[in-house]
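Here is the file upload-v8.cif (mmCIF, C-alpha atoms).
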data_model
loop_
_atom_site.label_atom_id
_atom_site.label_comp_id
_atom_site.auth_asym_id
_atom_site.auth_seq_id
_atom_site.Cartn_x
_atom_site.Cartn_y
_atom_site.Cartn_z
CA MET W 1 122.58 82.87 151.58
CA ILE W 2 121.84 86.33 150.11
CA LYS W 3 118.44 85.09 148.91
CA GLU W 4 117.61 83.90 152.44
CA ILE W 5 118.69 87.23 153.96
CA LEU W 6 116.53 89.21 151.52
CA LYS W 7 113.60 86.85 152.18
CA ASN W 8 113.84 87.56 155.92
CA TYR W 9 113.62 91.30 155.25
CA TRP W 10 110.71 90.89 152.82
CA GLN W 11 108.71 88.86 155.36
CA LEU W 12 108.76 91.64 157.94
CA PRO W 13 105.32 93.12 158.83
CA ARG W 14 103.95 95.58 156.24
CA LYS W 15 103.75 98.35 158.86
CA ILE W 16 107.54 98.05 159.33
CA HIS W 17 108.04 98.49 155.56
CA TYR W 18 105.89 101.65 155.63
CA LEU W 19 107.93 103.01 158.54
CA ILE W 20 111.12 102.31 156.58
CA MET W 21 109.76 104.39 153.67
CA VAL W 22 108.90 107.25 156.05
CA GLN W 23 112.43 107.15 157.45
CA PHE W 24 113.94 107.01 153.95
CA PHE W 25 112.13 110.11 152.62
CA LEU W 26 112.86 112.10 155.78
CA ASN W 27 116.48 110.97 155.77
CA ILE W 28 117.11 112.11 152.18
CA ILE W 29 117.00 115.73 153.36
CA HIS W 30 118.86 114.85 156.56
CA VAL W 31 121.79 113.37 154.62
CA ALA W 32 121.64 116.19 152.07
CA PHE W 33 122.24 118.55 154.99
CA VAL W 34 125.13 116.37 156.16
CA LEU W 35 126.66 116.31 152.67
CA ILE W 36 126.43 119.91 151.51
CA LEU W 37 124.73 122.25 154.00
CA ASN W 38 128.00 123.13 155.77
CA ILE W 39 129.73 123.74 152.45
CA TYR W 40 126.76 125.91 151.37
CA LEU W 41 127.04 127.91 154.61
CA ARG W 42 130.78 128.34 154.03
CA LYS W 43 130.12 129.65 150.49
CA LYS W 44 127.60 132.11 151.96
CA GLY W 45 130.41 133.56 154.09
CA PHE W 46 130.01 131.74 157.42
CA SER W 47 133.12 130.60 159.33
CA ASP W 48 133.71 127.14 160.88
CA PRO W 49 132.83 128.36 164.43
CA GLN W 50 129.61 129.99 163.14
CA ILE W 51 128.66 126.81 161.27
CA ALA W 52 129.34 124.74 164.40
CA ASN W 53 127.16 127.10 166.44
CA TYR W 54 124.24 126.75 163.99
CA ASN W 55 124.65 122.94 163.95
CA SER W 56 124.46 122.85 167.73
CA LEU W 57 120.98 124.42 167.63
CA ARG W 58 119.41 121.47 165.81
CA PHE W 59 120.42 119.26 168.74
CA LEU W 60 119.26 121.72 171.39
CA GLY W 61 115.54 121.09 170.80
CA VAL W 62 116.05 117.34 170.99
CA LEU W 63 118.06 117.76 174.19
CA MET W 64 115.20 119.72 175.76
CA PHE W 65 112.22 117.59 174.70
CA ALA W 66 113.31 114.01 173.84
CA LEU W 67 113.25 112.66 177.42
CA PRO W 68 109.80 113.99 178.44
CA PHE W 69 108.51 113.02 175.00
CA GLY W 70 109.85 109.46 175.47
CA ILE W 71 107.96 109.19 178.78
CA PHE W 72 104.85 110.75 177.19
CA ILE W 73 104.63 108.15 174.37
CA LYS W 74 104.64 105.18 176.75
CA SER W 75 101.45 103.20 176.04
CA LYS W 76 100.43 105.69 173.33
CA ASN W 77 99.92 105.19 169.61
CA LEU W 78 102.89 106.38 167.58
CA LYS W 79 101.38 106.81 164.11
CA PRO W 80 100.22 110.43 164.72
CA PHE W 81 103.80 111.45 165.50
CA PHE W 82 105.07 109.86 162.27
CA ILE W 83 102.47 111.88 160.32
CA LEU W 84 103.36 115.09 162.18
CA SER W 85 107.08 114.57 161.55
CA SER W 86 106.42 113.89 157.86
CA PHE W 87 104.90 117.36 157.51
CA LEU W 88 107.21 119.32 159.80
CA VAL W 89 110.62 118.07 158.62
CA PRO W 90 110.16 119.24 154.99
CA LEU W 91 108.56 122.53 156.12
CA PHE W 92 111.40 123.42 158.48
CA SER W 93 113.93 122.30 155.85
CA LEU W 94 112.43 124.75 153.35
CA LEU W 95 112.39 127.52 155.96
CA LEU W 96 116.04 126.90 156.84
CA ILE W 97 117.25 126.84 153.23
CA TYR W 98 115.27 129.98 152.36
CA SER W 99 116.59 131.89 155.38
CA ILE W 100 120.22 130.98 154.52
CA ASN W 101 119.73 131.98 150.89
CA ARG W 102 118.17 135.33 151.88
CA ASP W 103 120.71 135.86 154.68
CA LEU W 104 117.91 136.12 157.26
CA LYS W 105 120.15 135.63 160.29
CA GLN W 106 117.22 135.85 162.72
CA LEU W 107 115.43 132.92 161.04
CA ILE W 108 118.43 130.60 160.56
CA PRO W 109 118.63 129.56 164.27
CA PHE W 110 114.86 128.98 164.35
CA GLY W 111 115.12 126.82 161.22
CA PHE W 112 117.87 124.65 162.71
CA PHE W 113 116.04 124.34 166.05
CA GLY W 114 112.66 123.45 164.50
CA TRP W 115 114.18 121.02 162.02
CA GLY W 116 115.99 119.11 164.78
CA LEU W 117 112.86 119.01 166.91
CA SER W 118 110.67 117.68 164.07
CA MET W 119 113.23 114.96 163.21
CA MET W 120 113.20 113.96 166.88
CA LEU W 121 109.57 112.82 166.61
CA VAL W 122 110.31 110.06 164.11
CA ASN W 123 113.67 109.15 165.64
CA VAL W 124 112.33 108.66 169.18
CA CYS W 125 109.20 106.79 168.04
CA SER W 126 110.82 104.45 165.50
CA LEU W 127 112.62 102.16 167.91
CA PRO W 128 109.66 101.52 170.28
CA PHE W 129 107.38 101.05 167.25
CA ILE W 130 109.69 98.39 165.79
CA LEU W 131 109.97 96.56 169.12
CA ARG W 132 106.19 96.65 169.63
CA ASN W 133 105.55 95.16 166.19
CA THR W 134 108.30 92.53 165.92
CA ASN W 135 109.41 89.51 167.91
CA GLU W 136 112.75 88.15 169.08
CA LYS W 137 113.31 86.37 165.76
CA ASN W 138 112.92 89.35 163.43
CA SER W 139 113.73 92.37 165.64
CA ILE W 140 117.39 92.52 164.55
CA GLU W 141 116.32 92.43 160.87
CA SER W 142 113.87 95.28 161.48
CA LEU W 143 116.48 97.33 163.34
CA SER W 144 119.08 96.71 160.62
CA LEU W 145 116.62 97.72 157.90
CA SER W 146 115.69 100.83 159.87
CA PHE W 147 119.34 101.85 160.18
CA SER W 148 119.96 101.07 156.50
CA THR W 149 117.48 103.80 155.47
CA TRP W 150 120.20 106.33 156.31
CA SER W 151 122.56 104.61 153.86
CA LEU W 152 119.91 104.32 151.14
CA ALA W 153 119.06 107.99 151.59
CA MET W 154 122.75 108.88 151.40
CA ILE W 155 123.13 106.90 148.16
CA PHE W 156 120.10 108.63 146.64
CA SER W 157 120.93 112.17 147.76
CA GLY W 158 124.65 111.79 147.04
CA ILE W 159 124.10 110.60 143.47
CA ALA W 160 121.39 113.23 142.88
CA ILE W 161 123.60 116.08 144.15
CA SER W 162 126.70 114.90 142.30
CA GLY W 163 124.78 114.12 139.10
CA PHE W 164 122.86 117.39 138.88
CA GLN W 165 125.92 119.49 139.77
CA SER W 166 127.87 117.77 136.98
CA ILE W 167 125.13 118.95 134.59
CA GLY W 168 125.49 122.48 135.95
CA SER W 169 122.29 124.00 134.60
CA LEU W 170 119.21 123.17 132.57
CA ARG W 171 117.11 125.43 130.38
CA ILE W 172 113.37 125.05 131.09
CA PHE W 173 110.82 127.33 129.40
CA ASN W 174 113.41 130.03 128.62
CA TYR W 175 114.64 129.91 132.20
CA ASN W 176 118.08 128.66 133.23
CA LEU W 177 117.85 126.40 136.28
CA TYR W 178 121.22 126.26 138.02
CA PHE W 179 121.90 123.16 140.10
CA ASP W 180 123.76 124.81 142.96
CA GLU W 181 123.52 123.82 146.64
CA TYR W 182 120.43 125.99 147.19
CA THR W 183 118.44 124.49 144.31
CA LEU W 184 119.36 120.92 145.21
CA LEU W 185 118.52 121.32 148.90
CA LEU W 186 115.21 122.91 147.88
CA PHE W 187 114.38 120.04 145.51
CA ILE W 188 115.25 117.31 148.05
CA SER W 189 113.24 119.09 150.77
CA LEU W 190 110.15 119.05 148.52
CA LEU W 191 110.78 115.39 147.70
CA SER W 192 110.78 114.49 151.39
CA PHE W 193 107.03 115.30 151.50
CA LEU W 194 106.60 111.81 149.98
CA SER W 195 106.98 110.49 153.53
CA VAL W 196 103.43 111.74 154.26
CA PRO W 197 101.42 109.04 152.40
CA PHE W 198 103.54 106.24 153.87
CA SER W 199 103.06 107.56 157.40
CA ILE W 200 99.29 107.61 156.79
CA LEU W 201 99.37 104.00 155.49
CA ILE W 202 100.89 102.68 158.73
CA LYS W 203 98.33 100.54 160.56
CA GLU W 204 98.69 100.41 164.31
CA LYS W 205 96.62 98.64 166.91
CA LYS W 206 95.18 100.96 169.51
CA GLN W 207 97.36 100.88 172.60
CA PRO W 208 95.54 99.95 175.81
CA LYS W 209 95.19 102.90 178.17
CA ASN W 210 97.36 102.62 181.23
CA ASN W 211 95.34 104.53 183.81
CA GLN W 212 97.88 103.69 186.47
CA ILE W 213 100.52 105.67 184.57
CA ASN W 214 98.11 108.54 183.83
CA ASP W 215 97.19 108.89 187.51
CA GLN W 216 100.74 108.84 188.78
CA SER W 217 102.95 111.85 189.24
CA PHE W 218 106.00 112.41 187.06
CA ALA W 219 108.32 111.63 190.01
CA ILE W 220 106.62 108.27 190.70
CA ILE W 221 106.80 107.34 187.02
CA LEU W 222 110.52 108.07 186.99
CA LYS W 223 111.05 105.87 190.06
CA SER W 224 109.38 102.93 188.30
CA TYR W 225 112.33 102.54 185.90
CA ASP W 226 115.48 100.49 186.56
CA TRP W 227 117.92 103.38 186.58
CA ASP W 228 120.97 101.30 187.47
CA LEU W 229 120.55 99.25 184.28
CA ILE W 230 119.67 102.34 182.22
CA ILE W 231 122.75 104.29 183.34
CA LYS W 232 125.05 101.34 182.59
CA ALA W 233 123.45 100.93 179.14
CA ILE W 234 123.70 104.58 178.08
CA THR W 235 127.24 105.32 179.35
CA PRO W 236 129.07 103.84 176.32
CA HIS W 237 126.47 105.46 174.07
CA ILE W 238 127.38 108.87 175.50
CA ALA W 239 131.11 108.34 174.88
CA ILE W 240 130.50 107.23 171.28
CA SER W 241 128.02 110.08 170.70
CA ILE W 242 130.36 112.86 171.86
CA GLY W 243 133.15 111.42 169.72
CA ALA W 244 130.89 111.09 166.68
CA GLY W 245 129.58 114.64 167.13
CA LEU W 246 133.11 116.01 166.91
CA THR W 247 133.70 114.38 163.52
CA ILE W 248 130.63 113.31 161.52
CA PRO W 249 128.88 116.72 161.07
CA PHE W 250 132.13 118.40 160.03
CA ILE W 251 133.84 115.71 157.93
CA ASN W 252 132.80 117.57 154.75
CA LEU W 253 134.63 120.67 156.04
CA PHE W 254 137.73 118.51 156.60
CA PHE W 255 137.74 117.22 153.02
CA ASN W 256 136.90 120.68 151.68
CA SER W 257 139.68 122.38 153.67
CA ILE W 258 142.47 119.78 153.38
CA PHE W 259 141.82 118.26 149.94
CA ASN W 260 139.59 120.93 148.28
CA LEU W 261 136.69 118.51 147.72
CA ASP W 262 133.60 120.50 146.71
CA SER W 263 130.00 119.49 147.43
CA ASP W 264 129.61 117.41 144.23
CA SER W 265 132.77 115.35 144.87
CA PHE W 266 131.99 114.82 148.55
CA SER W 267 128.39 113.84 147.71
CA LEU W 268 129.63 111.20 145.28
CA LEU W 269 132.04 109.93 147.93
CA GLY W 270 129.16 109.79 150.40
CA SER W 271 127.07 107.74 147.96
CA ILE W 272 129.84 105.21 147.35
CA THR W 273 130.44 104.88 151.09
CA SER W 274 126.74 104.51 151.84
CA LEU W 275 126.34 101.77 149.25
CA ILE W 276 128.95 99.77 151.17
CA VAL W 277 127.21 100.69 154.45
CA PHE W 278 123.86 99.47 153.10
CA ILE W 279 125.23 96.16 151.82
CA SER W 280 127.15 95.52 155.04
CA ALA W 281 124.08 96.42 157.15
CA LEU W 282 122.10 93.62 155.46
CA PHE W 283 124.57 91.10 156.87
CA VAL W 284 124.46 92.45 160.45
CA PRO W 285 121.73 89.99 161.62
CA THR W 286 123.67 87.04 160.19
CA ILE W 287 126.95 88.21 161.77
CA LYS W 288 125.26 88.84 165.10
CA LYS W 289 123.47 85.47 165.14
CA GLN W 290 126.59 83.51 164.17
CA PHE W 291 129.29 85.37 166.12
CA GLY W 292 127.40 87.31 168.81
CA TYR W 293 127.94 90.80 170.18
CA TRP W 294 131.72 90.48 170.54
CA ILE W 295 132.24 90.47 166.77
CA SER W 296 129.24 92.61 165.73
CA ILE W 297 130.10 95.37 168.23
CA VAL W 298 133.59 95.19 169.77
CA PHE W 299 135.60 93.90 166.80
CA VAL W 300 133.74 96.02 164.23
CA GLN W 301 134.09 99.24 166.26
CA SER W 302 137.79 98.55 166.89
CA CYS W 303 138.39 98.30 163.14
CA SER W 304 136.55 101.59 162.58
CA ILE W 305 138.79 103.31 165.15
CA ILE W 306 141.88 102.20 163.19
CA CYS W 307 140.37 103.72 160.03
CA LEU W 308 139.61 106.98 161.87
CA LEU W 309 143.23 107.24 163.06
CA ALA W 310 144.43 106.65 159.49
CA LEU W 311 142.11 109.46 158.34
CA ALA W 312 143.55 111.80 160.99
CA PHE W 313 147.14 111.13 159.93
CA THR W 314 146.38 112.14 156.32
CA GLU W 315 146.18 115.78 157.42
CA ILE W 316 149.64 115.57 158.97
CA PHE W 317 151.03 114.10 155.74
CA SER W 318 148.73 116.04 153.38
CA SER W 319 151.75 117.29 151.37
CA TYR W 320 152.22 113.76 150.05
CA SER W 321 150.24 112.98 146.88
CA ILE W 322 149.02 109.65 148.25
CA SER W 323 147.43 111.24 151.36
CA MET W 324 144.13 112.09 149.63
CA SER W 325 143.72 108.50 148.38
CA VAL W 326 144.44 107.16 151.89
CA ALA W 327 141.92 109.64 153.39
CA ILE W 328 139.20 108.56 150.95
CA LEU W 329 139.87 104.84 151.57
CA ALA W 330 139.91 105.34 155.35
CA TYR W 331 136.61 107.25 155.16
CA ILE W 332 135.03 104.63 152.88
CA PHE W 333 135.93 101.75 155.22
CA ARG W 334 135.30 103.59 158.49
CA GLN W 335 131.67 104.46 157.71
CA PRO W 336 130.32 100.91 157.18
CA LEU W 337 132.30 99.54 160.11
CA MET W 338 130.91 102.11 162.53
CA HIS W 339 127.36 101.85 161.18
CA MET W 340 127.41 98.03 161.26
CA ALA W 341 127.62 98.15 165.05
CA HIS W 342 124.56 100.40 165.54
CA PRO W 343 121.75 97.80 165.19
CA SER W 344 123.61 95.41 167.50
CA THR W 345 124.33 98.07 170.14
CA ASN W 346 120.68 99.14 170.12
CA GLU W 347 119.45 95.56 170.43
CA LEU W 348 121.97 94.95 173.23
CA MET W 349 120.77 98.04 175.10
CA MET W 350 117.10 97.10 174.70
CA ASN W 351 117.66 93.51 175.84
CA TYR W 352 119.91 94.59 178.70
CA VAL W 353 117.43 97.07 180.25
CA GLY W 354 114.30 94.93 179.74
CA LYS W 355 110.88 95.65 178.24
CA LYS W 356 109.54 98.10 180.83
CA ASN W 357 112.48 100.47 180.22
CA GLN W 358 112.49 100.36 176.41
CA GLU W 359 110.47 103.50 175.58
CA LEU W 360 112.56 105.50 178.03
CA ILE W 361 115.88 104.14 176.76
CA SER W 362 114.81 105.01 173.20
CA ALA W 363 114.07 108.60 174.23
CA LEU W 364 117.25 108.76 176.30
CA THR W 365 119.47 107.53 173.48
CA SER W 366 117.95 110.08 171.12
CA SER W 367 118.15 112.83 173.74
CA LEU W 368 121.68 111.97 174.82
CA TRP W 369 122.84 111.60 171.23
CA SER W 370 121.60 115.12 170.56
CA ALA W 371 122.93 116.41 173.88
CA SER W 372 126.31 114.89 173.09
CA TRP W 373 126.30 116.35 169.59
CA TYR W 374 125.30 119.73 171.04
CA ILE W 375 128.29 119.53 173.40
CA SER W 376 130.48 118.29 170.54
CA ALA W 377 129.42 121.13 168.22
CA LYS W 378 130.24 123.68 170.92
CA LEU W 379 133.54 121.92 171.62
CA PHE W 380 134.37 121.84 167.89
CA GLN W 381 133.54 125.55 167.71
CA LEU W 382 135.88 126.27 170.66
CA LEU W 383 138.70 124.09 169.31
CA ARG W 384 138.56 125.63 165.83
CA GLU W 385 138.43 129.15 167.29
CA ASN W 386 141.65 128.30 169.15
CA GLY W 387 143.34 127.03 166.00
CA TYR W 388 143.13 123.28 166.58
CA GLU W 389 143.75 121.25 163.42
CA TYR W 390 141.21 118.64 162.31
CA TYR W 391 143.54 115.71 163.05
CA LYS W 392 143.75 116.65 166.75
CA ILE W 393 139.95 116.68 166.93
CA PHE W 394 139.87 113.25 165.23
CA PHE W 395 142.31 111.93 167.86
CA ILE W 396 139.88 113.05 170.59
CA THR W 397 137.10 111.20 168.75
CA ALA W 398 139.21 108.02 168.55
CA PHE W 399 139.95 108.20 172.29
CA LEU W 400 136.22 108.51 173.11
CA TYR W 401 135.41 105.62 170.76
CA ILE W 402 137.95 103.44 172.58
CA ILE W 403 136.30 104.25 175.93
CA GLY W 404 132.85 103.47 174.48
CA THR W 405 134.01 100.16 173.03
CA ILE W 406 135.53 99.08 176.36
CA LEU W 407 132.28 99.97 178.15
CA TYR W 408 130.24 97.98 175.60
CA SER W 409 132.53 95.02 176.32
CA MET W 410 131.63 95.27 180.01
CA ILE W 411 127.90 95.34 179.19
CA ILE W 412 128.24 92.27 176.95
CA LEU W 413 129.95 90.39 179.80
CA SER W 414 127.20 91.43 182.22
CA TYR W 415 124.40 90.58 179.77
CA ASN W 416 125.86 87.15 178.94
CA LYS W 417 126.22 86.36 182.65
CA LYS W 418 122.63 87.48 183.23
CA LYS W 419 121.41 85.18 180.43
CA ALA W 420 123.47 82.27 181.73
CA ASP W 421 122.04 82.75 185.25
CA MET W 422 118.47 82.82 183.87
CA ILE W 423 119.06 79.59 181.91
CA SER W 424 120.54 77.97 185.02
CA ASP W 425 117.57 79.07 187.17
CA ASN W 426 115.08 77.73 184.60
CA LYS W 427 116.88 74.37 184.53
CA GLN W 428 116.72 74.16 188.32
CA ILE W 429 112.97 74.91 188.27
CA LEU W 430 112.40 72.21 185.63
CA THR W 431 114.43 69.74 187.68
CA LEU W 432 112.40 70.49 190.84
CA ASP W 433 109.14 70.17 188.88
CA SER W 434 110.18 66.77 187.54
CA LEU W 435 111.09 65.56 191.06
CA GLU W 436 107.69 66.58 192.35
#
Can you dump the structure from the file as structure tokens?
Amino acid sequence: MIKEILKNYWQLPRKIHYLIMVQFFLNIIHVAFVLILNIYLRKKGFSDPQIANYNSLRFLGVLMFALPFGIFIKSKNLKPFFILSSFLVPLFSLLLIYSINRDLKQLIPFGFFGWGLSMMLVNVCSLPFILRNTNEKNSIESLSLSFSTWSLAMIFSGIAISGFQSIGSLRIFNYNLYFDEYTLLLFISLLSFLSVPFSILIKEKKQPKNNQINDQSFAIILKSYDWDLIIKAITPHIAISIGAGLTIPFINLFFNSIFNLDSDSFSLLGSITSLIVFISALFVPTIKKQFGYWISIVFVQSCSIICLLALAFTEIFSSYSISMSVAILAYIFRQPLMHMAHPSTNELMMNYVGKKNQELISALTSSLWSASWYISAKLFQLLRENGYEYYKIFFITAFLYIIGTILYSMIILSYNKKKADMISDNKQILTLDSLE
């Protein structure tokens, strides 16, 4: 079974494999930021509200530009944007790390804003590129592999950060190199430049020019989309996104504050969790094909909500010695469960809205994810300024996840009915043809 699964991934088009490598090398700095950037900012003297404010800026650029960019790339080649992102993400990462280290408060917001904007290019383009270059049989494998790059990057960056910090320092040519957060973020940022050759290797057929689209006004283009389907598809995504934005970017602050986990310990925890996420992601296509969306989305997300609630309760009972072990276990199980649903929810959205809406829905999901995380970061900042404990914020996240899961259930019902009606109509047409 495992051999067959791996074979399916290996047989994907070469251009998909190159895209996966681009995503991996860009994601290694992304996950390094998730793992230790907040802790680094805290050590440099920034408070939780200040950190939340800075984090919100990396979503602001995406919020502003993702939607028009998604409309712009319709019927356009996507390779140039992968190349551009491969250069800009490492450059803005280096600028951001340098400005934090030198306490250049004027440059820090610009670094966050530019980094988020440059990551948007690859994130918005990846999904349409995969759907353009795969078919119905292998699209779920391609989407699962694309999502698994986050986990692989987390494993790599987590082990690297934890391993080098355990060494402490290294003497090179009479110079002591200290493996602190600054050095490690600098090293991983430079390593992410390896995405450049893989983005150049991507081969893409020239997209036919759509003069009709070029000649139309922006308003007419917008009217050509099925907005009723699009709004229904993105509503659960918004609920999940706002909930995730309240928790995921700040989970390292939770472990650091409640259980005193430093960047090396949390990075190792992130690697272990991501290994489970990666392995589980490989089985998503099999689970989806055998059990459908009800298991791969609704059941899986429901289990992750239970784990999140368990994590929240550990703060209430943090005085008990077992609470840290429960928190770690809840975090380890919650991550793969929530991530397992992502490829299936994206495929469901794409199938539900239809082909002509796919570029727009890709841009919208990226834009709304960032918009939601921008709102969440501001909300987290406000809640922490008013003395809200982490567990109360986690409860809000769980509530939003429940709403999102219920809404996904409604979309699954609608999509299954739509498919059943299409099959019924096709059978009637075949019957009439045979009578004639």
Would you compute the box with edges along x, y and z of the file around segment 89-98 of chain W, including every atom the file lists for it and 4 Å extra on each side, and give its centre and edge lengths in Å to one decimal, as JSON?
{"center_x": 112.9, "center_y": 124.0, "center_z": 155.5, "size_x": 16.7, "size_y": 19.9, "size_z": 14.3}
TODO: Taking the file above as input, evaluate the PyMOL selection byres ((chain W and resi 230) around 10) and report the hits as a ChimeraX atom specification.
DONE: /W:225-229,231-235,349-350,352-354,357-358,360-361,364
TODO: Go through the shown structure with the PyMOL selection byres ((chain W and resi 63) around 8) and write out the matching residues as a ChimeraX atom specification.
DONE: /W:59-62,64-67,367-368,370-371
Task: All residues 8 Å or closer to Met120 of chain W, all atoms listed in the file, same chain fewer than 3 positions away omitted, as a PyMOL selection string - done: chain W and resi 62+66+116-117+123-124+366
TODO: Pull out every residue that the PyMOL selection byres ((chain W and resi 246) around 10) matches in the shown coordinates and put them as a ChimeraX atom specification.
DONE: /W:52,241-245,247-251,372-381,390,393-394,396-397
Task: Between atom CA of Lys392 of chain W and atom CA of Thr314 of chain W - distance in Å to one decimal - done: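 Separation of atom CA of Thr314 of chain W and atom CA of Lys392 of chain W: 11.7 Å.
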Task: Selected residue of minimal separation from Phe198 of chain W among W:Phe179, W:Phe33, W:Phe278, W:Phe25, counting all atoms listed in the file - done: W:Phe25
TODO: Could you jot down the atom CA of Leu96 of chain W to atom CA of Arg58 of chain W separation for me, Å, one decimal place?
DONE: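 Here the two named atoms are 11.0 Å from each other.
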- [ ] Mind giving me the straight-line distance from atom CA of Val122 of chain W to atom CA of Phe82 of chain W in Å, one decimal?
- [x]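 For atom CA of Val122 of chain W relative to atom CA of Phe82 of chain W, the distance reads 5.6 Å.
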Task: Shell around segment 86-95 of chain W at 10 Å using all atoms listed in the file, local window under 4 positions removed, as a PyMOL selection string - done: chain W and resi 22-23+25-27+29-30+33+80-82+99-101+107-108+110-122+185-200
